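Only one structure is covered here, and it is reproduced in the block below.
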Amino acid sequence: MPADATPDEGGAAKLEAIEARIDALRAARRPKRLGAEEKVSAAALAWRMTTELVVGVGLGFAIGWWIDGAAGTKPLFLLIFGALGFAAGVRTMLRSAQEVSRREARGAEQTGASAPPARPGPGASADGRQTTRG
Amino acid sequence: MAQSEDGGLHIDPMSQFLVKPLFGGEMGLFTITNATLWMALAVGASSLLLIGAVKQRALVPGRAQSVAELLYGFVRQLVVDITGEEGLKYFPYIFTLFVFILFSNLLGMLPYSFAVTSHIAVTGVLALMVFVTVTAIGFIKHGAHFLGFFWPKDAPGPLRPVLMVIELISYFVRPISHSIRLGANMLAGHAVLKVFAGFVGALGVFGVVPLAAMVGLTAFEFLVAVIQAYVFAILTCVYLNDALHMH
């Protein structure tokens with residue numbers, strides 16, 4: 001549009017307006033949380049925690065079995081490491097829950113009030129975390 | 001579907017997972033098998049989409065380019081969401097993983113194809129690669145401080161060694177659960193589909209019931225194929241985030 005570009009101040013003002021628009025667009029394109037995957041990721045999280053717990057117990061027993069085989073103390077380390085493995089499974093599970101709720105909290109900070117509404121399962125722990133953080 | 005010549009149930013859900021040499025002969029370390037073929041196809045298909053379709057660099061993207069751009073944007077968003085801006089350095093790796101798994105999963109849904117990701121050997125290598133990479137990044141970034149990841153500072157003194165063992169085990173739980181989740185999901189899904197397909201042949205007219213169930217299951221398997229790729233990528237980001245920021 002050559003007709004608009006001739007007046008100097010008008011052009012500058014226009015440039016500024018364009019710059020503001022670019023900034024706004026950039027801000028809009030800034031990474032923010034997507035809300036659509038909420039339900040899917042709740043199911044995925046449940047799955048994830050289940051496998052973590054099972055694998056934790058399994059790994060603990062495997063380590064115990066291995067130590068017992070090497071040291072010839074049949075049930076002793078199997079039991080000890082079975083318990084430790086269970087604890088490790090729970091620990092991993094809790095960490096997953098923690099990490100999801102942390103992500104949630106960060107997402108809530110970014111998007112402000114437009115945080116996702118009701119969320120099954122992990123939502124409860126997410127809220128608990130948020131209150132302990134704030 | 002009408003394969004009930006001998007009248008009985010014709011259910012053989014596991015034979016679809018057999019790794020066979022493509023060109024006959026003995027199976028050696030470097031034999032080209034159906035697994036090799038379908039992995040190569042996954043790489044080929046993703047290259048076609050991500051290199052071929054984006055080649056024109058149209059300002060207004062066509063359909064294929066849109067898909068490629070959406071995929072890229074989606075994973076990039078994911079990486080930023082979880083690891084923050086620092087994680088973007090490792091975005092190519094995560095994107096490669098995601099696209100490879102996604103395409104392997106989806107190609108596995110084709111009839112007569114081979115689901116590469118249903119093999120724990122494949123997912124195990126992928127997860128192990130992530131595990132080694134992430135651990136290496138942790139040690140490079142934090143040096144010996146990374147070991148503090150396993151040392152519970154806020155716990156009471158005598159409990160610490162026990163907790164350290166627990167932390168250690170739980171660290172090694174991650175690559176195992178990472179690989180089992182993907183492999184087991186694909187394995188179970190495909191096996192169930194085959195079982196239902198066997199019922200269709202065996203039940204005669206009433207085969208419509210399992211056939212209808214199979215339609216639903218197939219749709220569900222497509223969902224699982226995408227979600228599992230997504231979950232694998234997410235967990236990679238989470239582990240990476242732990243190594244970067246040491247939570």
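To be explicit about the labels: the chains of the structure tokens are called A, B, and onward in the order shown, and within each one the residues are counted from 1, while ligands get numbers from 1 in the order they are shown.
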| said: Taking only C-alpha atoms into account, find every residue of chain A that has an atom no more than 10 Å from chain B, and write it out as a ChimeraX atom specification. | reply: /A:30-34,37,40-41,43-45,47-60,63,81,83-93,95-96,99-100,102-104,106-107
| Skipping near chain neighbours, those fewer than 6 positions away, what residues fall within 12 Å of B:Ser15 using only C-alpha atoms, listed as a PyMOL selection string? | chain B and resi 112+114-115+187+190-191+194-195
Can I get the selection written as an mmCIF file, in the first residue's frame, with all heavy atoms?
data_model
loop_
_atom_site.group_PDB
_atom_site.id
_atom_site.type_symbol
_atom_site.label_atom_id
_atom_site.label_comp_id
_atom_site.auth_asym_id
_atom_site.auth_seq_id
_atom_site.Cartn_x
_atom_site.Cartn_y
_atom_site.Cartn_z
ATOM 1 N N TYR B 112 -1.598 -58.297 7.365
ATOM 2 C CA TYR B 112 -0.423 -59.041 6.896
ATOM 3 C C TYR B 112 0.890 -58.335 7.196
ATOM 4 O O TYR B 112 1.936 -58.742 6.720
ATOM 5 C CB TYR B 112 -0.502 -59.332 5.389
ATOM 6 C CG TYR B 112 -1.661 -60.208 5.037
ATOM 7 C CD1 TYR B 112 -2.787 -59.667 4.440
ATOM 8 C CD2 TYR B 112 -1.630 -61.555 5.344
ATOM 9 C CE1 TYR B 112 -3.876 -60.449 4.157
ATOM 10 C CE2 TYR B 112 -2.718 -62.363 5.059
ATOM 11 C CZ TYR B 112 -3.839 -61.812 4.466
ATOM 12 O OH TYR B 112 -4.911 -62.597 4.190
ATOM 13 N N PHE B 114 3.767 -56.643 9.976
ATOM 14 C CA PHE B 114 4.463 -57.170 11.141
ATOM 15 C C PHE B 114 4.616 -56.025 12.125
ATOM 16 O O PHE B 114 5.134 -54.961 11.775
ATOM 17 C CB PHE B 114 5.826 -57.705 10.693
ATOM 18 C CG PHE B 114 6.649 -58.241 11.819
ATOM 19 C CD1 PHE B 114 6.423 -59.516 12.296
ATOM 20 C CD2 PHE B 114 7.655 -57.483 12.382
ATOM 21 C CE1 PHE B 114 7.184 -60.025 13.323
ATOM 22 C CE2 PHE B 114 8.421 -57.984 13.407
ATOM 23 C CZ PHE B 114 8.189 -59.257 13.877
ATOM 24 N N ALA B 115 4.127 -56.233 13.336
ATOM 25 C CA ALA B 115 4.187 -55.162 14.325
ATOM 26 C C ALA B 115 5.545 -55.196 15.026
ATOM 27 O O ALA B 115 5.758 -55.980 15.942
ATOM 28 C CB ALA B 115 3.063 -55.302 15.335
ATOM 29 N N LEU B 187 1.718 -56.026 21.754
ATOM 30 C CA LEU B 187 1.593 -57.486 21.729
ATOM 31 C C LEU B 187 0.165 -57.898 22.086
ATOM 32 O O LEU B 187 -0.493 -58.650 21.353
ATOM 33 C CB LEU B 187 2.585 -58.092 22.708
ATOM 34 C CG LEU B 187 2.658 -59.600 22.758
ATOM 35 C CD1 LEU B 187 3.576 -60.087 21.670
ATOM 36 C CD2 LEU B 187 3.156 -60.072 24.099
ATOM 37 N N HIS B 190 -2.538 -56.910 19.392
ATOM 38 C CA HIS B 190 -2.543 -57.719 18.176
ATOM 39 C C HIS B 190 -2.991 -59.148 18.457
ATOM 40 O O HIS B 190 -3.699 -59.743 17.650
ATOM 41 C CB HIS B 190 -1.159 -57.695 17.534
ATOM 42 C CG HIS B 190 -0.874 -56.394 16.846
ATOM 43 N ND1 HIS B 190 -1.090 -56.212 15.512
ATOM 44 C CD2 HIS B 190 -0.406 -55.222 17.324
ATOM 45 C CE1 HIS B 190 -0.779 -54.973 15.190
ATOM 46 N NE2 HIS B 190 -0.352 -54.343 16.271
ATOM 47 N N ALA B 191 -2.576 -59.682 19.606
ATOM 48 C CA ALA B 191 -2.984 -61.044 19.945
ATOM 49 C C ALA B 191 -4.497 -61.108 20.129
ATOM 50 O O ALA B 191 -5.155 -62.034 19.633
ATOM 51 C CB ALA B 191 -2.271 -61.502 21.214
ATOM 52 N N LYS B 194 -6.305 -61.191 16.884
ATOM 53 C CA LYS B 194 -6.238 -62.507 16.238
ATOM 54 C C LYS B 194 -7.194 -63.497 16.894
ATOM 55 O O LYS B 194 -7.836 -64.299 16.208
ATOM 56 C CB LYS B 194 -4.809 -63.059 16.308
ATOM 57 C CG LYS B 194 -3.944 -62.654 15.126
ATOM 58 C CD LYS B 194 -4.313 -63.454 13.894
ATOM 59 C CE LYS B 194 -3.329 -63.269 12.750
ATOM 60 N NZ LYS B 194 -3.090 -61.904 12.351
ATOM 61 N N VAL B 195 -7.292 -63.444 18.215
ATOM 62 C CA VAL B 195 -8.198 -64.347 18.921
ATOM 63 C C VAL B 195 -9.631 -64.123 18.457
ATOM 64 O O VAL B 195 -10.368 -65.057 18.129
ATOM 65 C CB VAL B 195 -8.072 -64.152 20.444
ATOM 66 C CG1 VAL B 195 -9.190 -64.889 21.157
ATOM 67 C CG2 VAL B 195 -6.728 -64.656 20.933
#
| query | What is the distance between atom CA of A:Arg29 and atom CA of B:Tyr72, in Å to one decimal? | reply | 14.1 Å
| query | Just how far from atom CA of B:Phe146 is atom CA of B:Ala243, in Å to one decimal? | reply | 7.8 Å
| Close residues, stretch 40-55 of chain B itself excluded, 10 Å, only C-alpha atoms, min 2 positions apart in chain, as a PyMOL selection string | chain B and resi 34-38+57-58+61-69+71-72+96+99-108+116
| task | From stretch 149-244 of chain B, collect each residue whose DSSP state is alpha helix (DSSP H) and return the set as a ChimeraX atom specification. | result | /B:160-202,208-244
| task | Rank B:Phe98, B:Phe196, B:Phe23, B:Phe30 by their smallest atom-to-atom distance to B:Ile234, using only C-alpha atoms, and report the top residue only. | result | B:Phe98
| message | If we count only C-alpha atoms and set the cut-off at 12 Å, which residues sit around A:Leu76, ignoring sequence neighbours fewer than 6 positions away in its own chain? Please answer as a PyMOL selection string. | response | chain A and resi 61+63-69+82-83
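Atom CA of B:Ala188 sits 15.3 Å away from atom CA of B:Gly216.
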